[in-house]
>>> print(open('data-v4.csv').read())   # CSV, C-alpha atoms
chain,number,residue,atom,x,y,z
G,271,MET,CA,41.4,37.7,58.8
G,272,SER,CA,39.6,34.3,58.8
G,273,ARG,CA,36.2,33.9,60.3
G,274,GLY,CA,36.9,30.2,60.9
G,275,ILE,CA,34.1,28.5,59.0
G,276,GLY,CA,34.6,25.8,56.5
G,277,GLY,CA,33.3,22.7,54.8
G,278,TYR,CA,33.9,20.2,52.1
G,279,MET,CA,32.0,17.9,49.8
G,280,ASN,CA,33.0,14.6,48.3
G,281,LEU,CA,31.5,12.8,45.3
G,282,ILE,CA,30.1,9.5,46.4
G,283,ALA,CA,28.1,8.4,43.3
G,284,ALA,CA,27.6,9.6,39.7
G,285,ASP,CA,25.6,8.3,36.8
G,286,ASP,CA,24.1,9.6,33.6
G,287,THR,CA,21.4,11.6,35.4
G,288,MET,CA,22.5,12.4,38.9
G,289,LEU,CA,25.5,13.4,41.0
G,290,ILE,CA,25.5,12.6,44.8
G,291,TYR,CA,27.8,14.4,47.2
G,292,SER,CA,28.3,13.9,50.9
G,293,TYR,CA,29.3,17.1,52.8
G,294,CYS,CA,30.1,18.5,56.1
G,295,CYS,CA,30.5,22.0,57.5
G,296,TYR,CA,32.0,23.3,60.7
G,297,ASN,CA,32.6,26.5,62.6
G,298,VAL,CA,36.0,26.7,64.3
G,299,ASN,CA,34.6,29.1,66.8
G,300,ASN,CA,32.5,26.3,68.4
G,301,ASP,CA,34.0,23.9,70.9
G,302,ASP,CA,32.9,20.7,69.0
G,303,TRP,CA,34.3,21.7,65.5
G,304,ARG,CA,36.7,18.8,65.3
G,305,GLU,CA,33.9,16.3,65.6
G,306,MET,CA,31.8,18.2,63.1
G,307,GLN,CA,34.7,18.3,60.6
G,308,LYS,CA,34.7,14.5,60.4
G,309,MET,CA,31.0,14.0,60.1
G,310,GLU,CA,30.0,13.8,56.4
G,311,ASP,CA,26.3,13.4,57.1
G,312,GLY,CA,24.9,16.1,54.8
G,313,GLU,CA,23.9,15.2,51.2
G,314,ILE,CA,23.7,17.2,48.0
G,315,PHE,CA,21.9,15.8,45.0
G,316,ILE,CA,22.6,17.5,41.6
G,317,ASP,CA,20.7,16.6,38.5
G,318,ARG,CA,23.0,16.6,35.5
G,319,ALA,CA,20.5,18.8,33.6
G,320,ALA,CA,21.3,21.5,36.1
G,321,LEU,CA,25.0,21.7,35.0
G,322,VAL,CA,25.3,25.0,33.1
G,323,GLU,CA,27.7,24.8,30.1
G,324,PRO,CA,29.8,27.9,29.5
G,325,GLU,CA,29.9,29.9,26.3
G,326,ILE,CA,33.0,29.0,24.3
G,327,HIS,CA,34.6,31.8,22.3
G,328,ARG,CA,36.9,30.8,19.5
G,329,LYS,CA,39.1,33.0,17.4
G,330,MET,CA,42.1,32.8,15.1
G,331,LYS,CA,45.1,34.7,16.5
G,332,ARG,CA,48.3,35.5,14.7
G,333,MET,CA,51.4,34.5,16.7
G,334,PRO,CA,54.7,36.4,16.7
G,335,SER,CA,56.1,33.7,14.4
G,336,GLY,CA,53.5,34.6,11.8
G,337,ARG,CA,51.5,31.3,12.2
G,338,LYS,CA,47.8,31.5,13.0
G,339,MET,CA,46.5,29.6,16.0
G,340,LEU,CA,42.9,28.9,17.2
G,341,ILE,CA,42.4,30.3,20.7
G,342,GLU,CA,39.5,29.0,22.8
G,343,LYS,CA,38.2,30.8,25.8
G,344,ARG,CA,35.5,29.5,28.2
G,345,VAL,CA,33.2,32.3,29.5
G,346,PRO,CA,31.1,31.3,32.5
G,347,ARG,CA,27.3,31.9,32.3
G,348,ASP,CA,25.0,33.1,35.1
G,349,TYR,CA,22.8,30.6,36.9
G,350,SER,CA,20.3,30.8,39.7
G,351,PHE,CA,20.3,28.5,42.7
G,352,SER,CA,16.8,29.5,43.7
G,353,ASP,CA,15.5,28.3,40.3
G,354,MET,CA,17.5,25.1,40.6
G,355,LEU,CA,16.2,24.4,44.1
G,356,GLY,CA,12.6,25.3,43.1
G,357,ALA,CA,12.7,23.0,40.1
G,358,GLY,CA,14.2,20.1,42.1
G,359,GLN,CA,17.4,20.0,40.1
G,360,VAL,CA,19.4,20.5,43.3
G,361,THR,CA,18.4,19.0,46.6
G,362,ILE,CA,20.2,19.6,49.9
G,363,LYS,CA,19.9,17.6,53.1
G,364,ASN,CA,21.6,19.7,55.8
G,365,ALA,CA,24.6,18.4,57.7
G,366,SER,CA,24.6,18.2,61.5
G,367,GLY,CA,27.2,20.9,61.7
G,368,THR,CA,24.9,23.5,60.1
G,369,TRP,CA,25.0,26.7,62.1
G,370,MET,CA,23.6,29.2,59.6
G,371,LYS,CA,20.6,28.6,57.4
G,372,SER,CA,18.8,30.7,54.7
G,373,PRO,CA,15.2,31.7,55.2
G,374,ASP,CA,14.2,28.6,53.3
G,375,GLY,CA,16.1,26.4,55.8
G,376,ILE,CA,19.1,25.6,53.5
G,377,ASP,CA,22.6,25.4,54.8
G,378,LEU,CA,24.5,28.5,53.6
G,379,MET,CA,27.9,26.6,53.6
G,380,ALA,CA,26.3,24.1,51.2
G,381,CYS,CA,25.3,27.0,48.9
G,382,LYS,CA,28.8,28.4,49.0
G,383,MET,CA,30.3,25.0,48.0
G,384,LEU,CA,27.7,24.6,45.3
G,385,TYR,CA,28.6,28.0,43.9
G,386,LYS,CA,32.3,26.9,43.8
G,387,PHE,CA,31.3,23.6,42.2
G,388,PHE,CA,29.3,25.2,39.4
G,389,ARG,CA,32.0,27.9,38.8
G,390,GLU,CA,34.8,25.2,38.6
G,391,TYR,CA,32.7,23.1,36.3
G,392,GLN,CA,32.2,26.0,33.9
G,393,GLU,CA,35.9,26.9,34.0
G,394,THR,CA,37.3,23.4,33.5
G,395,GLY,CA,34.4,21.3,32.1
G,396,VAL,CA,35.3,18.5,34.6
G,397,ILE,CA,33.1,17.3,37.5
G,398,GLN,CA,35.2,17.7,40.7
G,399,GLU,CA,35.4,14.8,43.1
G,400,HIS,CA,36.3,17.0,46.1
G,401,ILE,CA,35.3,20.7,46.8
G,402,GLY,CA,36.6,22.5,49.9
G,403,TYR,CA,35.7,25.9,51.2
G,404,PHE,CA,37.2,27.8,54.2
G,405,CYS,CA,37.1,31.4,55.1
>>> encode(input="data-v4.csv", output="structure tokens")
Amino acid sequence: MSRGIGGYMNLIAADDTMLIYSYCCYNVNNDDWREMQKMEDGEIFIDRAALVEPEIHRKMKRMPSGRKMLIEKRVPRDYSFSDMLGAGQVTIKNASGTWMKSPDGIDLMACKMLYKFFREYQETGVIQEHIGYFC
């Protein structure tokens, strides 16, 4: 069963050193959730040095036809948001629809979207322009 919380972030600028996303979050259980869903007033700054590259495993595998083929597998690595936030590699400006914060004052929905962003980056190797999260 859904709790009715969601958010999304859109890439607004990218260069060789920094990624800038605008984001919003909303709680469907609140009366003003439709207005909050349209307000992308939160900002997430990600330093490109914070992007964690996955381990790439390569091996030769024999196919049923007898030919050998190089198989490549991307294995995600662990990373720590608290270290990235402490080092200033990731900066979050909370959105106006923030309803739940961590003890440090950071929007938990932004953290969930960042987790999804870093996981998708490791799985595909591509920087996503749009990340959505709803549960």
>>> residues_near_point(input="data-v4.csv", point="(18.8, 22.7, 33.5)", cutoff="12 Å", atoms="only C-alpha atoms", output="PyMOL selection string")
chain G and resi 287+316-323+349-351+353-360
>>> atom_distance(input="data-v4.csv", atom1="atom CA of G:Ser372", atom2="atom CA of G:Arg273")
18.6 Å
>>> closest_residue(input="data-v4.csv", among="G:Pro346, G:Pro324, G:Gly402, G:Gly367", to="G:Lys308", atoms="only C-alpha atoms")
G:Gly367
>>> residues_around(input="data-v4.csv", residues="G:Met309", least_positions_apart="2", cutoff="10 Å", atoms="all atoms listed in the file", output="PyMOL selection string")
chain G and resi 292-296+303-307+311-312+365-367
>>> write_last_selection(input="data-v4.csv", atoms="C-alpha atoms", output="short mmCIF file (atom, residue, chain, number, x, y, z; two decimals), keeping the file's coordinate frame")
data_model
loop_
_atom_site.label_atom_id
_atom_site.label_comp_id
_atom_site.auth_asym_id
_atom_site.auth_seq_id
_atom_site.Cartn_x
_atom_site.Cartn_y
_atom_site.Cartn_z
CA SER G 292 28.30 13.90 50.90
CA TYR G 293 29.30 17.10 52.80
CA CYS G 294 30.10 18.50 56.10
CA CYS G 295 30.50 22.00 57.50
CA TYR G 296 32.00 23.30 60.70
CA TRP G 303 34.30 21.70 65.50
CA ARG G 304 36.70 18.80 65.30
CA GLU G 305 33.90 16.30 65.60
CA MET G 306 31.80 18.20 63.10
CA GLN G 307 34.70 18.30 60.60
CA ASP G 311 26.30 13.40 57.10
CA GLY G 312 24.90 16.10 54.80
CA ALA G 365 24.60 18.40 57.70
CA SER G 366 24.60 18.20 61.50
CA GLY G 367 27.20 20.90 61.70
#
>>> residues_around(input="data-v4.csv", residues="G:Phe387", least_positions_apart="3", cutoff="12 Å", atoms="only C-alpha atoms", output="PyMOL selection string")
chain G and resi 278-281+289+291+314+316+320-322+380-384+390-403
>>> closest_residue(input="data-v4.csv", among="G:Arg332, G:Phe315, G:Arg389, G:Glu342", to="G:Ala283", atoms="only C-alpha atoms")
G:Phe315
>>> atom_distance(input="data-v4.csv", atom1="atom CA of G:Asn300", atom2="atom CA of G:Tyr385")
24.9 Å
>>> closest_residue(input="data-v4.csv", among="G:Glu310, G:Lys338, G:Gly276, G:Met288", to="G:Lys363", atoms="all atoms listed in the file")
G:Glu310
>>> atom_distance(input="data-v4.csv", atom1="atom CA of G:Asp285", atom2="atom CA of G:Ile362")
18.1 Å
>>> residues_around(input="data-v4.csv", residues="G:Met330", least_positions_apart="3", cutoff="10 Å", atoms="all atoms listed in the file", output="PyMOL selection string")
chain G and resi 333+337-342
>>> axis_aligned_box(input="data-v4.csv", around="stretch 285-297 of chain G", padding_each_side="6 Å", output="lines of an AutoDock Vina configuration file")
center_x = 27.0
center_y = 17.4
center_z = 48.1
size_x = 23.2
size_y = 30.2
size_z = 41.0
>>> build_atoms(input="data-v4.csv", residues="stretch 357-380 of chain G", atoms="N, CA and C atoms", output="compact mmCIF listing (two decimals), keeping the file's coordinate frame")
# COMPACT_ATOMS: atom_id res chain seq x y z
N ALA G 357 13.03 23.99 41.10
CA ALA G 357 12.70 23.00 40.10
C ALA G 357 13.09 21.58 40.53
N GLY G 358 13.77 21.45 41.66
CA GLY G 358 14.20 20.10 42.10
C GLY G 358 15.40 19.58 41.47
N GLN G 359 16.14 20.43 40.75
CA GLN G 359 17.40 20.00 40.10
C GLN G 359 18.51 19.83 41.10
N VAL G 360 18.45 20.59 42.19
CA VAL G 360 19.40 20.50 43.30
C VAL G 360 18.65 20.31 44.56
N THR G 361 19.04 19.30 45.33
CA THR G 361 18.40 19.00 46.60
C THR G 361 19.49 18.93 47.68
N ILE G 362 19.26 19.57 48.81
CA ILE G 362 20.20 19.60 49.90
C ILE G 362 19.62 19.05 51.16
N LYS G 363 20.30 18.05 51.76
CA LYS G 363 19.90 17.60 53.10
C LYS G 363 21.00 18.11 54.03
N ASN G 364 20.63 19.00 54.93
CA ASN G 364 21.60 19.70 55.80
C ASN G 364 22.43 18.77 56.63
N ALA G 365 23.68 19.15 56.83
CA ALA G 365 24.60 18.40 57.70
C ALA G 365 24.32 18.75 59.15
N SER G 366 24.82 17.91 60.04
CA SER G 366 24.60 18.20 61.50
C SER G 366 25.38 19.36 61.97
N GLY G 367 26.44 19.75 61.27
CA GLY G 367 27.20 20.90 61.70
C GLY G 367 26.71 22.22 61.19
N THR G 368 25.53 22.23 60.61
CA THR G 368 24.90 23.50 60.10
C THR G 368 24.72 24.46 61.22
N TRP G 369 25.23 25.65 61.06
CA TRP G 369 25.00 26.70 62.10
C TRP G 369 24.32 27.90 61.53
N MET G 370 24.28 28.04 60.20
CA MET G 370 23.60 29.20 59.60
C MET G 370 22.75 28.72 58.43
N LYS G 371 21.48 29.07 58.43
CA LYS G 371 20.60 28.60 57.40
C LYS G 371 19.97 29.86 56.68
N SER G 372 19.57 29.64 55.44
CA SER G 372 18.80 30.70 54.70
C SER G 372 17.41 30.72 55.22
N PRO G 373 16.62 31.70 54.82
CA PRO G 373 15.20 31.70 55.20
C PRO G 373 14.43 30.49 54.81
N ASP G 374 14.91 29.80 53.76
CA ASP G 374 14.20 28.60 53.30
C ASP G 374 14.68 27.35 54.09
N GLY G 375 15.63 27.50 55.02
CA GLY G 375 16.10 26.40 55.80
C GLY G 375 17.26 25.62 55.18
N ILE G 376 17.96 26.22 54.21
CA ILE G 376 19.10 25.60 53.50
C ILE G 376 20.37 26.04 54.09
N ASP G 377 21.30 25.11 54.29
CA ASP G 377 22.60 25.40 54.80
C ASP G 377 23.37 26.36 53.91
N LEU G 378 23.82 27.50 54.44
CA LEU G 378 24.50 28.50 53.60
C LEU G 378 25.89 27.99 53.18
N MET G 379 26.55 27.15 53.98
CA MET G 379 27.90 26.60 53.60
C MET G 379 27.68 25.68 52.37
N ALA G 380 26.61 24.92 52.32
CA ALA G 380 26.30 24.10 51.20
C ALA G 380 26.13 24.93 49.92
